[in-house]
Every structure is written in structure tokens, then in C-alpha cells.
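Student: Got a structure here, written out as C-alpha cells. Questions coming.
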Protein chains: 2
Amino acid sequence: MAVTIRDIANQVGKSITTVSRALNDYDDVAPATKEQVRAAAQSLGYSPNSLAQRLQKRTSDTIGLVMPTARPRFTDPFFSELLAGVGNSAARLGYDLLLATRAPGESEIATYEAGIATQRVDGFIVVRTRRDDARINLLRRRNFPFVAFGRVEGPLDFAFVDEDGVAGMRAIVRHLHALGHRHLACIASPAELMFTHHRLQGVRTTWHELGHPAESLQIVEADLTQRGGYDAACALLDDEAARPTAICACNDLMAIGAMTAAQERGLQVGVDLSVTGFDNTTMAEHSHPPLTTADQPIHEIGGTLCELLVRRLRDEHAPPEQVVMTPALIVRHSTGPAPGA
Amino acid sequence: MAVTIRDIANQVGKSITTVSRALNDYDDVAPATKEQVRAAAQSLGYSPNSLAQRLQKRTSDTIGLVMPTARPRFTDPFFSELLAGVGNSAARLGYDLLLATRAPGESEIATYEAGIATQRVDGFIVVRTRRDDARINLLRRRNFPFVAFGRVEGPLDFAFVDEDGVAGMRAIVRHLHALGHRHLACIASPAELMFTHHRLQGVRTTWHELGHPAESLQIVEADLTQRGGYDAACALLDDEAARPTAICACNDLMAIGAMTAAQERGLQVGVDLSVTGFDNTTMAEHSHPPLTTADQPIHEIGGTLCELLVRRLRDEHAPPEQVVMTPALIVRHSTGPAPGA
DNA sequence: TTGAAAGCGCTAACAC
DNA sequence: GTGTTAGCGCTTTCAA
């Protein structure tokens, strides 16, 4: 069986108390004893049992993250990158990362409830916030530590990291405007997601500010996947009378789907039709043509989320920190001058 | 603070032992008492402290998975899908999933060592096996429960799930041969990965069996990313004298990168050049043109990995189960008759 | 400088 | 049926 402090105590002929203090480098232990204990620990191959430590300390040293997976085939490159960011940061800060995957709904909330009730996690990272977010409402009600990736509607009395979706879309729409586009379509993400709200608002207000009539902007909703973007673009492009010269999608995946739809119809993306994404996943860089998009430093955001949460965990009274990052416009070849402009 | 069995015991005027037994539905508790205890637990909002339960049971009820992330920007759609499969299955079986991300190397091994030593996990899922795999060697040496996604060279005395890479590539190469291709290039994944070995072997032996001379097959290595596939394809295509009519890549991501390279050179994929992938990620379905590839049921594989591991955890003497799945050829539009054939 | 004892929250022999 | 007692492996008063 595993080596315990009791084994070390026997070996060096001291009490387990002394061993514990020696290992934790208390300064009321004789230097000689410390050395002796450490040597014994080393030679016996001792490692503390973290379950026991955690029970005693009444903390789990664990961060929970529940990935919202709507469908069984779940392939969002965005998340693997975010997870890597969170994971690396958690490890560096001495925390474990507990991962669950759950479709939004009752069982999702139950997962949060269970995490809290059974004291398996010290705090949560909530990703992809919704306008009215049941997860956040719950955590707030329970006064349980968490950090969100994204904001919500209503009071923002919690810690979050978010990107400025309005500014990101403003940059994109201005870019398209400057290229001479006068008929724009936006492939929106699901309305319940908070970032949709920001990005859409960015599109709408900027388009309006630039003096375009409301009718020159079409908005269709899709489900964040490549297939969703594809279907939405098909509908937009097949109505030839109202066909836009530019399509801005609310994420890269949908933009790539939209490009496929355009190409199937013989349109050259970047020439006959401009398409933009959002996120700057690595796919955007390597799509054909490379995608104009707004960059979010996803890996870094994951790290920041973790840091903010840990700060809160270490100091209960730390004020909720709020970070809003401005996405950078990345111009590639999927956008070009409006035809005939 | 949190409600404990002691609180319940006080409330109902019984000992904590009785409460514990009632809650665990032992049959030596009076039905009336059981009811009373349950009601009290309910009304007090009791949930067991899992740390305490685990310490007592000497099991962590946790499965560890360390994602090998070579670079900081880590965007493999393959992994998010695998994680979803593992996560769902783990939850269903009553296990937590502990996720870490670590680049292959010393710190990766240290992560495994720490997980074992501190008793934080009951077993590991090892993904993307290498021909000589330090992780597996370690786990084997320590006799620590694990299941691998993939095989290794040498004795296969452990549980694993793998796909038959030889068969998958055989199907692809035969498909290309039937289309009249006589000059093939393969974009191989890194040589240290075990699946590279299988897939490459599938390509080589099949090509040979079909009667092609060795010189008609070129093999270049790339790093599994879109960029890697792109670079490799550029090199292949720019040597016009030796230009292949078909390129088979060892995963979808590289195949998509290769398509980009071809398209940049004015080649029509599926007509002037055929390209194939491997994995059938959702990207393959939506690429332009849609990619011919070999299907791996990734989500399901994740689930199976979990199940095999749990079976082993519940029964120490269960023989190591080994599952090899045969990938199905998915023909889409990235392949077509060889030019001039 | 060290050790005895209590306790984190839970389960399980064993006795009554 | 139920309670007493011990103990999982650790930390931390409190006394000596």
C-alpha cells in the first residue's frame, strides 16, 4: 500500500505530528529532525494523499468546467483551445481541472448543483454565457465562486472575462463598408447567447451609423456550426434578388460553411462575395481563401479566467474583476471590393 | 457550513452510524427510521461530502486524461470530440474526469507520476500512443490501471481501443488505385506516433500489392496541423516533374491544408488532384470540396475507452480488453479519376 | 522542540 | 435495529 506519514514516523522514531510539521517546513522543528524526516520520506517514496489533505483543509483544490455540448458530435476548435489555456493555467496555480460535458438544460444545472453540494470543486468557470443564464443565476444565488467567459443581461456583479463584441463587429463592418459593400447579411449565432447580442448590436449600430438603410441589412440565425453557416448562406444566396455582396458570420465555423455555399454556386469568395468570421481560430488562417476575422486570444483568455477564479478563491473578499478585451481585425483574402463598386 | 450526517443524526435523535446506513439503504435499518432519516436529509438539504467518502473508500472515483498538446495554440477538433465522448461516458458511470494538458516530455510524465502518487485518480486514459510510449511504460511498471487509445510496439498486454489504420488506408489506396492513380504521395504524421506506423504500413503494402513500383510512392512527414499539411503539399506540388496525381494525408486537418496548397496553384481538387484525409471529423464533411476520408467514430471511441477503464477499476483481475475498430471509407468529392486515365 | 489528542466527514466491524 | 468504536491520512491546537 501507499506510504503514509505514519510509516515515516516509525522509520525515524518520531510522532506523526512532527513528521507532518517537518514536511510542511514549520519552523518549530529541529533542523536535524527535518533533514531526517525528508530523507526518510524520500527513501520511502512518500507522497501525501491529496484526498486526505483536502478533506482536512476543507477545500478540493479543483476548478470545475462544464462544456455546453448541444449535439453529440461536438467539434468546436474554439473549446479545445480554451481548455488548453485553462488547463495550463490551473496546473501552474496548483489546481486540478474537473471537466464535464453537458447539454444546456436541467442536467447541466444539476451538474453544477452536484459539484457544489458534494464539495467536489472550489469554483466554476462558466463558458459561453447566455443572456439570462441559469448557471450564473444559480452560482450567484448560492454565493459560490465562479468566473464567467462572457457577460449576461442585468447586473454584472461577478468576475468575468469577455471580448468586446461590439467593437469587433464594428471593425469588421467598417472594413466591409470601406470596400464598397452596400448590401450586407449577417449570419447570427443563437439569440440566447450573450455574445450574439453584442456582435449583432455591433453590426446593426455600425451599419446604421454608416448611413445605410435598414433594409440593406439582412440577419439570419444559425447554430454556430459549419453546417449551420452553410445552410444559412444557401438561403441568402439563393434569393438572387436580395443577394448581399458581403456576409459577416458570428463565428469562423459558420463563415467557413458560408464560403462553401458560395463556392458551390460558382462565386469566388473575396471577389464576387466577401465573407467574414469571428474568433480567429486556426481554421480561419488555413481556410480557402484565408478568412478575414476578428481575433480573440482564446488560449490567453482561458488562462485569465483561471487566474481570476483562483484570486477569488484565495481571497474571498476580492472584488470581482472584469476584463474586456478588444478583438483585433485580421484582414485576409475572403474580403475584397464589392462587385461593381 | 455544509450539512453533515451528524446534523441529521441530531435532528432525528439517532447515531451517525444509523444515519449512514439508512442513507446507503442497508437492510438492517428499520423502515420507519430510514424514512425519517431520508426526510431529514431532504429537509436539511444534505449531500455527502465526496472528499470524505473517497478518503474512506480509498478511491478517488476519478479518471485522469492528459491531453498531449505540442504547441500553445492547440486546435484539434479531434480532441474536443473525444473529450465529449469520454466525459459523457464517465458521468454516466459515476466518475469524475480530471483533465490536464501537457506537452510530451518530462512534465507530461511527471503529471502521470503525480496523479498516481497523490492518489488523485484511479486510472488513466492515454491518448495518441507513441511507438515507444513512456506514459504506458510508466503505468505498466507501476501496475496502475489505464486504457490506451492506440497500440504500441512490443507486447500488447494492456487494454486499448484502436482503429485498424492498415485497413483504413488500404481502403483509401484501393479507392485511389481504382480511380486510375499511378503516382501517389502520402503526407505522413510524425513517425513516433503509433498510428502513423499503421497508416503508413497500410499505404505501403497496399500500393505494393497493387503492383506499383516503389518509386511511384512518395512519403513526406508533417505535423498533423493544417499548416503542416499545407507546407508538405507545397513541396510535393512544386516539384512538377515528380508531381503526384493523388495525395493521401494521415489526418483530415493535413488533407485540408493540402487542398489549400493545390487550390492556390490553380488545381481543382477532385479533378486535377485527388486528396484524402483520415478521421472524418466534421470539418471533412464541410470542406471545399468535401473530403474523402476514413471514418473513425471518435465520440464512441471516447465512450468505449471510459467503459473499459471502469470495468478494469471495478474488477482488478478483469483481463485487458482490446478493441480494434475498422474505419469505413467515406467517398466524397475530393477524389476523382486520375487526369488522363 | 516534540507528542498526545482531537477532528475533517464518512464507513464498517462488532457488540448489544 | 441501533450504537459504540475505530479508522481512512492528514493538520493543528494544546501541553509538556
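FYI, nothing fancy with the C-alpha cells labels: chains A, B, ... in order, residues from 1 per chain, ligands from 1 as they appear.
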Please, which residues of chain A lie no more than 12 Å from chain D when the count uses only C-alpha atoms (C1' of nucleotides), and can they be set out as a list in words?

Tutor: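 Every residue of chain A that passes the 12 Å test is in Ala2, Val3, Thr4, Ile5, Arg6, Asp7, Ile16, Thr17, Thr18, Val19, Ser20, Arg21, Leu23, Asn24, Tyr26, Ser47, Pro48, Asn49, Ser50, Leu51, Ala52, Gln53, Arg54, Leu55, Gln56, Lys57 and Arg58 of chain A.
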
Student: Quick one: write out the picked residues with C-alpha atoms as a compact mmCIF listing (two decimals), in the first residue's frame?

Tutor:
```
# COMPACT_ATOMS: atom_id res chain seq x y z
CA ALA A 2 0.94 3.61 -0.23
CA VAL A 3 3.43 5.19 2.15
CA THR A 4 1.93 7.47 4.82
CA ILE A 5 3.36 9.86 7.35
CA ARG A 6 2.90 7.10 9.87
CA ASP A 7 5.44 5.00 8.02
CA ILE A 16 3.32 11.73 13.04
CA THR A 17 2.79 15.26 14.24
CA THR A 18 6.45 16.03 13.98
CA VAL A 19 6.65 14.40 10.60
CA SER A 20 3.76 16.46 9.33
CA ARG A 21 5.33 19.65 10.58
CA LEU A 23 7.26 18.07 5.78
CA ASN A 24 5.38 21.33 5.82
CA TYR A 26 7.23 24.51 10.14
CA SER A 47 3.70 11.47 -1.43
CA PRO A 48 0.88 13.00 0.53
CA ASN A 49 -2.58 11.63 -0.12
CA SER A 50 -4.38 14.59 -1.59
CA LEU A 51 -7.80 13.33 -0.66
CA ALA A 52 -6.80 13.37 2.99
CA GLN A 53 -5.19 16.77 2.70
CA ARG A 54 -8.23 18.18 1.04
CA LEU A 55 -10.66 16.73 3.49
CA GLN A 56 -8.70 18.22 6.31
CA LYS A 57 -8.29 21.59 4.64
CA ARG A 58 -11.91 21.53 3.51
```

Student: Please give the complete set of residues from region 119-150 of chain B that DSSP, run on the backbone, assigns to alpha helix (DSSP H), formatted as an MDAnalysis selection string.

Tutor: chainID B and resid 134:142

Student: With the cut-off set at 8 Å and counting only C-alpha atoms (C1' of nucleotides), tabulate each residue of chain C with an atom at most that distance from an atom of chain B, showing the nearest atom pair and its distance in Å to one decimal, ordered by chain and increasing number, as JSON lines.

Tutor:
```
{"residue": "C:DC8", "atom": "C1'", "partner": "B:Ala52", "partner_atom": "CA", "distance": 8.0}
{"residue": "C:DG9", "atom": "C1'", "partner": "B:Ala52", "partner_atom": "CA", "distance": 5.0}
{"residue": "C:DC10", "atom": "C1'", "partner": "B:Ala52", "partner_atom": "CA", "distance": 5.3}
{"residue": "C:DT11", "atom": "C1'", "partner": "B:Gln56", "partner_atom": "CA", "distance": 6.6}
```

Student: Can you check which parts of chain B lie within 8 Å of chain A? Per residue, the shortest pair of atoms and distance in Å to one decimal, counting only C-alpha atoms, sorted by chain and number, as a tab-separated table.

Tutor:
```
residue	atom	partner	partner_atom	distance
B:Tyr46	CA	A:Ala117	CA	7.9
B:Ser47	CA	A:Ala117	CA	5.7
B:Pro48	CA	A:Thr118	CA	5.7
B:Asn49	CA	A:Thr118	CA	4.8
B:Ser50	CA	A:Thr118	CA	5.4
B:Leu51	CA	A:Leu55	CA	5.7
B:Ala52	CA	A:Leu55	CA	6.1
B:Arg54	CA	A:Leu51	CA	7.2
B:Leu55	CA	A:Leu51	CA	5.7
B:Ser60	CA	A:Leu51	CA	7.6
B:Thr69	CA	A:Ala84	CA	7.7
B:Pro72	CA	A:His299	CA	7.5
B:Arg73	CA	A:Glu81	CA	6.4
B:Phe74	CA	A:Glu81	CA	5.1
B:Thr75	CA	A:Pro77	CA	5.1
B:Asp76	CA	A:Pro77	CA	6.2
B:Pro77	CA	A:Thr75	CA	5.1
B:Phe78	CA	A:Thr75	CA	7.2
B:Phe79	CA	A:Ser80	CA	6.9
B:Ser80	CA	A:Ser80	CA	5.5
B:Glu81	CA	A:Phe74	CA	5.1
B:Ala84	CA	A:Thr101	CA	6.0
B:Gly87	CA	A:Ala100	CA	5.6
B:Asn88	CA	A:Thr101	CA	6.2
B:Ala91	CA	A:Ala100	CA	7.5
B:Asp96	CA	A:Leu98	CA	7.0
B:Leu97	CA	A:Leu99	CA	5.6
B:Leu98	CA	A:Leu98	CA	4.8
B:Leu99	CA	A:Leu97	CA	5.6
B:Ala100	CA	A:Gly87	CA	5.6
B:Thr101	CA	A:Gly87	CA	5.7
B:Arg102	CA	A:Asn88	CA	7.4
B:Ala117	CA	A:Ser47	CA	5.7
B:Thr118	CA	A:Asn49	CA	4.8
B:Gln119	CA	A:Asn49	CA	5.9
B:Arg120	CA	A:Ser50	CA	6.4
B:Gln226	CA	A:His286	CA	6.6
B:Arg227	CA	A:His286	CA	6.9
B:Gly257	CA	A:His286	CA	6.6
B:Thr260	CA	A:His288	CA	5.8
B:Gln263	CA	A:His288	CA	7.9
B:Thr281	CA	A:Thr75	CA	7.7
B:Thr282	CA	A:Thr75	CA	6.8
B:Met283	CA	A:Gln226	CA	7.8
B:His286	CA	A:Gly257	CA	6.6
B:Ser287	CA	A:Thr260	CA	7.1
B:His288	CA	A:Thr260	CA	5.8
B:Pro289	CA	A:Thr260	CA	8.0
B:His299	CA	A:Arg73	CA	6.8
```

Student: Kindly export the residues of the current selection with C-alpha atoms, as an mmCIF file, in the first residue's frame.

Tutor:
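selection.cif, freshly written:
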```cif
data_model
loop_
_atom_site.group_PDB
_atom_site.id
_atom_site.type_symbol
_atom_site.label_atom_id
_atom_site.label_comp_id
_atom_site.auth_asym_id
_atom_site.auth_seq_id
_atom_site.Cartn_x
_atom_site.Cartn_y
_atom_site.Cartn_z
ATOM 1 C CA TYR B 46 -27.893 17.171 2.839
ATOM 2 C CA SER B 47 -25.365 15.931 0.299
ATOM 3 C CA PRO B 48 -22.477 13.682 1.182
ATOM 4 C CA ASN B 49 -19.026 15.220 1.127
ATOM 5 C CA SER B 50 -17.349 13.301 -1.644
ATOM 6 C CA LEU B 51 -13.860 14.004 -0.361
ATOM 7 C CA ALA B 52 -14.740 12.254 2.881
ATOM 8 C CA ARG B 54 -13.427 8.927 -1.144
ATOM 9 C CA LEU B 55 -10.884 9.095 1.617
ATOM 10 C CA SER B 60 -10.897 8.882 -5.987
ATOM 11 C CA THR B 69 -0.532 19.492 -26.618
ATOM 12 C CA PRO B 72 0.355 26.559 -27.327
ATOM 13 C CA ARG B 73 -2.306 27.111 -29.969
ATOM 14 C CA PHE B 74 -3.935 23.798 -29.791
ATOM 15 C CA THR B 75 -6.915 23.325 -32.060
ATOM 16 C CA ASP B 76 -7.553 19.747 -32.812
ATOM 17 C CA PRO B 77 -11.236 19.103 -33.496
ATOM 18 C CA PHE B 78 -10.450 15.500 -32.919
ATOM 19 C CA PHE B 79 -9.823 16.045 -29.242
ATOM 20 C CA SER B 80 -12.887 18.074 -28.402
ATOM 21 C CA GLU B 81 -14.976 15.291 -29.805
ATOM 22 C CA ALA B 84 -17.084 14.825 -25.146
ATOM 23 C CA GLY B 87 -16.883 12.975 -20.461
ATOM 24 C CA ASN B 88 -20.368 11.753 -21.138
ATOM 25 C CA ALA B 91 -20.512 10.916 -15.928
ATOM 26 C CA ASP B 96 -15.182 12.466 -12.489
ATOM 27 C CA LEU B 97 -12.902 13.393 -15.336
ATOM 28 C CA LEU B 98 -9.687 15.116 -14.416
ATOM 29 C CA LEU B 99 -8.175 16.895 -17.369
ATOM 30 C CA ALA B 100 -4.636 18.117 -17.772
ATOM 31 C CA THR B 101 -2.820 19.463 -20.787
ATOM 32 C CA ARG B 102 0.857 18.858 -21.140
ATOM 33 C CA ALA B 117 1.476 9.184 -6.143
ATOM 34 C CA THR B 118 -1.028 11.579 -4.641
ATOM 35 C CA GLN B 119 -3.865 9.173 -5.351
ATOM 36 C CA ARG B 120 -5.884 11.743 -7.180
ATOM 37 C CA GLN B 226 -3.403 22.259 -41.385
ATOM 38 C CA ARG B 227 -0.282 24.318 -41.794
ATOM 39 C CA GLY B 257 -4.170 22.077 -45.687
ATOM 40 C CA THR B 260 -5.460 24.738 -49.954
ATOM 41 C CA GLN B 263 -6.088 25.326 -54.982
ATOM 42 C CA THR B 281 -14.037 14.986 -38.376
ATOM 43 C CA THR B 282 -16.944 17.304 -39.071
ATOM 44 C CA MET B 283 -14.543 19.541 -40.961
ATOM 45 C CA HIS B 286 -17.799 20.701 -44.846
ATOM 46 C CA SER B 287 -14.527 21.318 -46.538
ATOM 47 C CA HIS B 288 -14.465 22.531 -50.089
ATOM 48 C CA PRO B 289 -14.692 20.128 -51.795
ATOM 49 C CA HIS B 299 -17.217 10.095 -29.835
#
```

Student: Could you tell me, as a PyMOL selection string, which residues of region 39-219 of chain B DSSP assigns to strand (DSSP E or B) when given the backbone?

Tutor: chain B and resi 62-68+96-102+123-127+130+146-149+159-163+184-188+193+217-219

Student: Provide the CA of Val324 (chain A) to CA of Gly229 (chain A) distance in Å, to one decimal place.

Tutor: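 Straight-line distance from CA of Val324 (chain A) to CA of Gly229 (chain A) works out to 27.0 Å.
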
Student: Between CA of Arg170 (chain A) and CA of Ile301 (chain A), what is the spacing in Å?

Tutor: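 Answer for the CA of Ile301 (chain A) to CA of Arg170 (chain A) separation: 21.1 Å.
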
Student: With only C-alpha atoms (C1' of nucleotides) as the counted atoms, please give the residues lying no more than 8 Å from Asp252 (chain B), apart from itself and same-chain residues fewer than 6 positions off, as JSON, numbers by chain.

Tutor: {"B": [276, 277, 278, 279, 280, 281, 283, 284, 291, 293]}

Student: Can you spit out the residues from that selection as a compact mmCIF listing (two decimals), in the first residue's frame, using N, CA and C atoms?

Tutor:
```txt
# COMPACT_ATOMS: atom_id res chain seq x y z
N THR B 276 -7.05 12.84 -49.95
CA THR B 276 -7.83 12.11 -48.95
C THR B 276 -7.33 12.41 -47.54
N GLY B 277 -8.24 12.27 -46.58
CA GLY B 277 -7.89 12.51 -45.19
C GLY B 277 -8.02 11.23 -44.37
N PHE B 278 -8.16 11.40 -43.07
CA PHE B 278 -8.38 10.27 -42.18
C PHE B 278 -8.94 10.83 -40.88
N ASP B 279 -10.03 10.25 -40.41
CA ASP B 279 -10.70 10.58 -39.14
C ASP B 279 -12.18 10.89 -39.34
N ASN B 280 -12.49 11.54 -40.46
CA ASN B 280 -13.84 12.01 -40.69
C ASN B 280 -14.33 12.91 -39.57
N THR B 281 -13.56 13.93 -39.28
CA THR B 281 -14.04 14.99 -38.38
C THR B 281 -15.12 15.77 -39.11
N MET B 283 -15.15 18.68 -39.95
CA MET B 283 -14.54 19.54 -40.96
C MET B 283 -14.50 18.87 -42.33
N ALA B 284 -14.29 17.57 -42.33
CA ALA B 284 -14.14 16.85 -43.59
C ALA B 284 -15.41 16.95 -44.42
N LEU B 291 -14.38 16.16 -48.22
CA LEU B 291 -13.18 15.32 -48.23
C LEU B 291 -13.49 13.82 -48.19
N THR B 293 -12.46 10.38 -46.96
CA THR B 293 -11.68 10.08 -45.76
C THR B 293 -12.08 8.73 -45.18
```
